[in-house]
Protein chains: 2
Amino acid sequence: MRDDWYIDHDLPLIGLLAEVQGAISDELYGRLHEAGYGDIRPAHGCVFGFIERTGGARLTALADRSGLTKQAVGEAVADLERLGYVERVPDPEDGRAKIIRLSSRGREAAAAAEEIFADIDRRFGAEVGDERYADFRDTLRRLFLFTRMPARTPARVA
Amino acid sequence: MRDDWYIDHDLPLIGLLAEVQGAISDELYGRLHEAGYGDIRPAHGCVFGFIERTGGARLTALADRSGLTKQAVGEAVADLERLGYVERVPDPEDGRAKIIRLSSRGREAAAAAEEIFADIDRRFGAEVGDERYADFRDTLRRLFLFTRMPARTPARVA
DNA sequence: ACCATACGGTAAGGTAGCTTGACAAGGTCA
DNA sequence: TGACCTTGTCAAGCTACCTTACCGTATGGT
């Protein structure tokens, strides 16, 4: 991105979303690396992004929430267990299931990530105005829920 | 995403951006497929998203604008050329360079994509309110430009 | 007690989309 | 004219994620 094409041309919504997301992603993993969490990769987001901070979650729940397959999430969990960020404990309520829980190091990393997000929110708020930014976040969340709405049930033919 | 975890838990900004982008992406490529442009893939976005509609652009310019490597964009261009969406012509001003231009089929596909985007904009606007949505788009664009801002020059030590 | 179903895991293999490295041909400028 | 940079391309390889298939164990309805 060395030239100024994007100053004069509008990217479509999808392009703007992708670019902003990419910028945040670069900052997140860059700063996690500096903070000593360099072994956390984007693929681990399906765990950190969707797990209960305390109490943990089942593999199947993480797969459902993230929209990925159990295999993909299982691989991420195996990685994070090896790296010491999560631990798997048997679920007392279901002998088949295991609870995936953040270890203390995992909670530290999650806290570090949340600080980075808070820092980004602060800078974004300062750039466009806090009220404007709050509205933006709110609208984005509504659009997210909108895209997750179940398709309209076809009208029943009486 | 079968359970309702995301109703009660806030995804961080990056998660919201990723999810909404994914939803738009699904719709875009699904509908392009139905419209007879099923051979256009997300990887081609670095061309369609950043090329001048008439006049075309150089490979290096597309790489700069999209933030990808020349190799990645070159592969997308080779694909699109084979599929008939773009053509490569020698640049009269520089013997090394080639101008990548949308063919007539390429312009048709771009127009189809723009209709899909307009349709999504219409639905999003209806969901959250047109004014609110216009503000949202505007703020998103400002945040995009903000993330593209050159790093602050360190204050010169007099 | 039986059997369908769900949970988690293993394994093999594949695809999309990018990367790094090396390079020839053409341009730029002292 | 020689040193250097730019443009585009070839080749090799990586990451993230998917698919299909199979398995053992546990649960729950009948």
# chains A, B, ... in the order shown; residues from 1 in each chain; ligands from 1

$ residues_around --residues "region 105-107 of chain B" --least-positions-apart "6" --cutoff "9 Å" --atoms "only C-alpha atoms (C1' of nucleotides)" --output "PyMOL selection string"
chain B and resi 48+53-54+80+84-86

$ calpha_fit_rmsd --fixed "chain A" --moving "chain B"
0.4 Å

$ interface_residues --of "chain A" --to "chain C" --cutoff "10 Å" --atoms "only C-alpha atoms (C1' of nucleotides)" --output "ChimeraX atom specification"
/A:58-60,70-71,74,94-98

$ select_by_dssp --residues "chain B" --states "helix (DSSP H, G or I)" --output "ChimeraX atom specification"
/B:5-8,13-34,42-48,59-66,70-82,104-128,130-147

$ write_last_selection --atoms "C-alpha atoms" --output "mmCIF file, in the first residue's frame"
data_model
loop_
_atom_site.group_PDB
_atom_site.id
_atom_site.type_symbol
_atom_site.label_atom_id
_atom_site.label_comp_id
_atom_site.auth_asym_id
_atom_site.auth_seq_id
_atom_site.Cartn_x
_atom_site.Cartn_y
_atom_site.Cartn_z
ATOM 1 C CA TRP B 5 -23.177 -18.091 23.096
ATOM 2 C CA TYR B 6 -22.604 -15.014 20.962
ATOM 3 C CA ILE B 7 -25.881 -13.444 22.086
ATOM 4 C CA ASP B 8 -24.606 -13.111 25.652
ATOM 5 C CA LEU B 13 -13.960 -5.900 17.368
ATOM 6 C CA ILE B 14 -11.783 -8.178 15.299
ATOM 7 C CA GLY B 15 -14.256 -11.017 15.716
ATOM 8 C CA LEU B 16 -17.229 -8.910 14.682
ATOM 9 C CA LEU B 17 -15.365 -7.651 11.637
ATOM 10 C CA ALA B 18 -14.357 -11.153 10.645
ATOM 11 C CA GLU B 19 -17.834 -12.592 11.055
ATOM 12 C CA VAL B 20 -19.635 -9.851 9.128
ATOM 13 C CA GLN B 21 -17.018 -10.026 6.411
ATOM 14 C CA GLY B 22 -17.492 -13.765 6.205
ATOM 15 C CA ALA B 23 -21.237 -13.404 5.839
ATOM 16 C CA ILE B 24 -20.840 -10.863 3.049
ATOM 17 C CA SER B 25 -18.244 -13.037 1.384
ATOM 18 C CA ASP B 26 -20.546 -16.053 1.450
ATOM 19 C CA GLU B 27 -23.330 -14.060 -0.150
ATOM 20 C CA LEU B 28 -21.071 -12.450 -2.731
ATOM 21 C CA TYR B 29 -19.522 -15.637 -4.053
ATOM 22 C CA GLY B 30 -22.772 -17.556 -3.768
ATOM 23 C CA ARG B 31 -24.644 -15.048 -5.868
ATOM 24 C CA LEU B 32 -21.808 -14.580 -8.355
ATOM 25 C CA HIS B 33 -21.935 -18.325 -8.797
ATOM 26 C CA GLU B 34 -25.665 -18.235 -9.513
ATOM 27 C CA PRO B 42 -11.864 -14.752 -3.157
ATOM 28 C CA ALA B 43 -8.207 -14.716 -4.151
ATOM 29 C CA HIS B 44 -9.199 -12.696 -7.220
ATOM 30 C CA GLY B 45 -10.355 -9.867 -4.992
ATOM 31 C CA CYS B 46 -6.912 -8.329 -5.101
ATOM 32 C CA VAL B 47 -7.550 -7.627 -8.780
ATOM 33 C CA PHE B 48 -11.265 -6.771 -8.893
ATOM 34 C CA LEU B 59 0.793 -5.664 -11.367
ATOM 35 C CA THR B 60 2.990 -3.758 -8.946
ATOM 36 C CA ALA B 61 0.252 -1.199 -8.331
ATOM 37 C CA LEU B 62 -2.273 -3.930 -7.537
ATOM 38 C CA ALA B 63 0.228 -5.561 -5.184
ATOM 39 C CA ASP B 64 0.889 -2.265 -3.406
ATOM 40 C CA ARG B 65 -2.781 -1.424 -3.032
ATOM 41 C CA SER B 66 -3.830 -4.839 -1.811
ATOM 42 C CA LYS B 70 3.546 -9.401 -6.667
ATOM 43 C CA GLN B 71 3.657 -13.173 -6.850
ATOM 44 C CA ALA B 72 0.280 -13.608 -5.203
ATOM 45 C CA VAL B 73 -1.353 -10.976 -7.384
ATOM 46 C CA GLY B 74 0.424 -12.337 -10.461
ATOM 47 C CA GLU B 75 -1.145 -15.711 -9.865
ATOM 48 C CA ALA B 76 -4.597 -14.173 -9.518
ATOM 49 C CA VAL B 77 -4.075 -12.210 -12.731
ATOM 50 C CA ALA B 78 -2.906 -15.311 -14.592
ATOM 51 C CA ASP B 79 -6.043 -17.089 -13.414
ATOM 52 C CA LEU B 80 -8.340 -14.261 -14.456
ATOM 53 C CA GLU B 81 -6.621 -13.966 -17.811
ATOM 54 C CA ARG B 82 -7.134 -17.662 -18.467
ATOM 55 C CA SER B 104 -15.779 -6.851 -21.286
ATOM 56 C CA ARG B 105 -16.629 -10.001 -19.343
ATOM 57 C CA GLY B 106 -14.556 -8.667 -16.479
ATOM 58 C CA ARG B 107 -16.550 -5.443 -16.461
ATOM 59 C CA GLU B 108 -19.795 -7.426 -16.497
ATOM 60 C CA ALA B 109 -18.666 -9.416 -13.472
ATOM 61 C CA ALA B 110 -17.599 -6.261 -11.658
ATOM 62 C CA ALA B 111 -21.017 -4.748 -12.345
ATOM 63 C CA ALA B 112 -22.706 -7.896 -10.995
ATOM 64 C CA ALA B 113 -20.620 -7.691 -7.833
ATOM 65 C CA GLU B 114 -21.529 -4.050 -7.382
ATOM 66 C CA GLU B 115 -25.215 -4.915 -7.616
ATOM 67 C CA ILE B 116 -24.774 -7.532 -4.906
ATOM 68 C CA PHE B 117 -22.975 -5.029 -2.692
ATOM 69 C CA ALA B 118 -25.759 -2.495 -3.296
ATOM 70 C CA ASP B 119 -28.307 -5.105 -2.287
ATOM 71 C CA ILE B 120 -26.447 -5.866 0.930
ATOM 72 C CA ASP B 121 -26.168 -2.146 1.667
ATOM 73 C CA ARG B 122 -29.918 -1.842 1.183
ATOM 74 C CA ARG B 123 -30.677 -4.683 3.603
ATOM 75 C CA PHE B 124 -28.180 -3.459 6.196
ATOM 76 C CA GLY B 125 -29.616 0.040 5.925
ATOM 77 C CA ALA B 126 -33.133 -1.289 6.438
ATOM 78 C CA GLU B 127 -32.000 -3.249 9.486
ATOM 79 C CA VAL B 128 -30.285 -0.497 11.452
ATOM 80 C CA ASP B 130 -30.298 4.353 6.720
ATOM 81 C CA GLU B 131 -28.795 7.253 8.591
ATOM 82 C CA ARG B 132 -27.168 5.021 11.150
ATOM 83 C CA TYR B 133 -25.809 2.822 8.399
ATOM 84 C CA ALA B 134 -24.413 5.779 6.475
ATOM 85 C CA ASP B 135 -22.624 6.904 9.642
ATOM 86 C CA PHE B 136 -21.334 3.384 10.119
ATOM 87 C CA ARG B 137 -19.895 3.231 6.600
ATOM 88 C CA ASP B 138 -18.328 6.623 7.047
ATOM 89 C CA THR B 139 -16.717 5.712 10.358
ATOM 90 C CA LEU B 140 -15.466 2.421 8.984
ATOM 91 C CA ARG B 141 -13.845 4.232 6.089
ATOM 92 C CA ARG B 142 -12.167 6.671 8.455
ATOM 93 C CA LEU B 143 -10.862 3.832 10.584
ATOM 94 C CA PHE B 144 -9.549 2.138 7.456
ATOM 95 C CA LEU B 145 -7.653 5.260 6.419
ATOM 96 C CA PHE B 146 -6.436 5.638 10.011
ATOM 97 C CA THR B 147 -4.932 2.160 10.003
#

$ closest_atom_pairs --of "chain D" --to "chain B" --cutoff "9 Å" --atoms "only C-alpha atoms (C1' of nucleotides)" --output "CSV"
residue,atom,partner,partner_atom,distance
D:DT6,C1',B:Arg96,CA,8.4
D:DT7,C1',B:Arg96,CA,5.3
D:DG8,C1',B:Ala97,CA,7.2
D:DT9,C1',B:Gln71,CA,7.9

$ write_last_selection --atoms "N, CA and C atoms (P, O5', C5', C4', C3', O3' and C1' of nucleotides)" --output "PDB file, in the first residue's frame"
ATOM      1  P    DT D   6      13.580   0.544  -6.630  1.00  0.00           P
ATOM      2  O5'  DT D   6      12.827   0.034  -7.933  1.00  0.00           O
ATOM      3  C5'  DT D   6      12.719   0.891  -9.053  1.00  0.00           C
ATOM      4  C4'  DT D   6      11.992   0.171 -10.166  1.00  0.00           C
ATOM      5  C3'  DT D   6      10.777  -0.623  -9.693  1.00  0.00           C
ATOM      6  O3'  DT D   6       9.693  -0.254 -10.516  1.00  0.00           O
ATOM      7  C1'  DT D   6      12.209  -1.998 -10.992  1.00  0.00           C
ATOM      8  P    DT D   7       8.283  -0.902 -10.414  1.00  0.00           P
ATOM      9  O5'  DT D   7       8.350  -2.051 -11.510  1.00  0.00           O
ATOM     10  C5'  DT D   7       8.264  -1.737 -12.895  1.00  0.00           C
ATOM     11  C4'  DT D   7       8.074  -3.033 -13.650  1.00  0.00           C
ATOM     12  C3'  DT D   7       6.923  -3.880 -13.121  1.00  0.00           C
ATOM     13  O3'  DT D   7       5.979  -4.088 -14.155  1.00  0.00           O
ATOM     14  C1'  DT D   7       8.921  -5.177 -13.333  1.00  0.00           C
ATOM     15  P    DG D   8       4.580  -4.791 -13.825  1.00  0.00           P
ATOM     16  O5'  DG D   8       4.938  -6.327 -14.040  1.00  0.00           O
ATOM     17  C5'  DG D   8       5.398  -6.723 -15.330  1.00  0.00           C
ATOM     18  C4'  DG D   8       6.024  -8.099 -15.273  1.00  0.00           C
ATOM     19  C3'  DG D   8       5.094  -9.226 -14.786  1.00  0.00           C
ATOM     20  O3'  DG D   8       5.062 -10.220 -15.785  1.00  0.00           O
ATOM     21  C1'  DG D   8       7.212  -9.361 -13.753  1.00  0.00           C
ATOM     22  P    DT D   9       3.979 -11.358 -15.762  1.00  0.00           P
ATOM     23  O5'  DT D   9       4.862 -12.664 -15.505  1.00  0.00           O
ATOM     24  C5'  DT D   9       6.098 -12.828 -16.202  1.00  0.00           C
ATOM     25  C4'  DT D   9       6.952 -13.895 -15.531  1.00  0.00           C
ATOM     26  C3'  DT D   9       6.176 -15.092 -14.986  1.00  0.00           C
ATOM     27  O3'  DT D   9       6.547 -16.246 -15.728  1.00  0.00           O
ATOM     28  C1'  DT D   9       7.876 -14.372 -13.480  1.00  0.00           C
TER      29       DT D   9
END

$ select_by_dssp --residues "region 22-98 of chain B" --states "strand (DSSP E)" --output "ChimeraX atom specification"
/B:57-58,86-90,98

$ closest_residue --among "B:Ile40, B:Leu11, B:Ile99, B:Met149" --to "chain A" --atoms "only C-alpha atoms"
B:Leu11

$ atom_distance --atom1 "CA of Ile51 (chain B)" --atom2 "CA of Tyr37 (chain B)"
18.1 Å

$ atom_distance --atom1 "CA of Asp91 (chain A)" --atom2 "C1' of DA26 (chain D)"
11.6 Å

$ atom_distance --atom1 "CA of Ser103 (chain B)" --atom2 "CA of Gly55 (chain B)"
10.6 Å
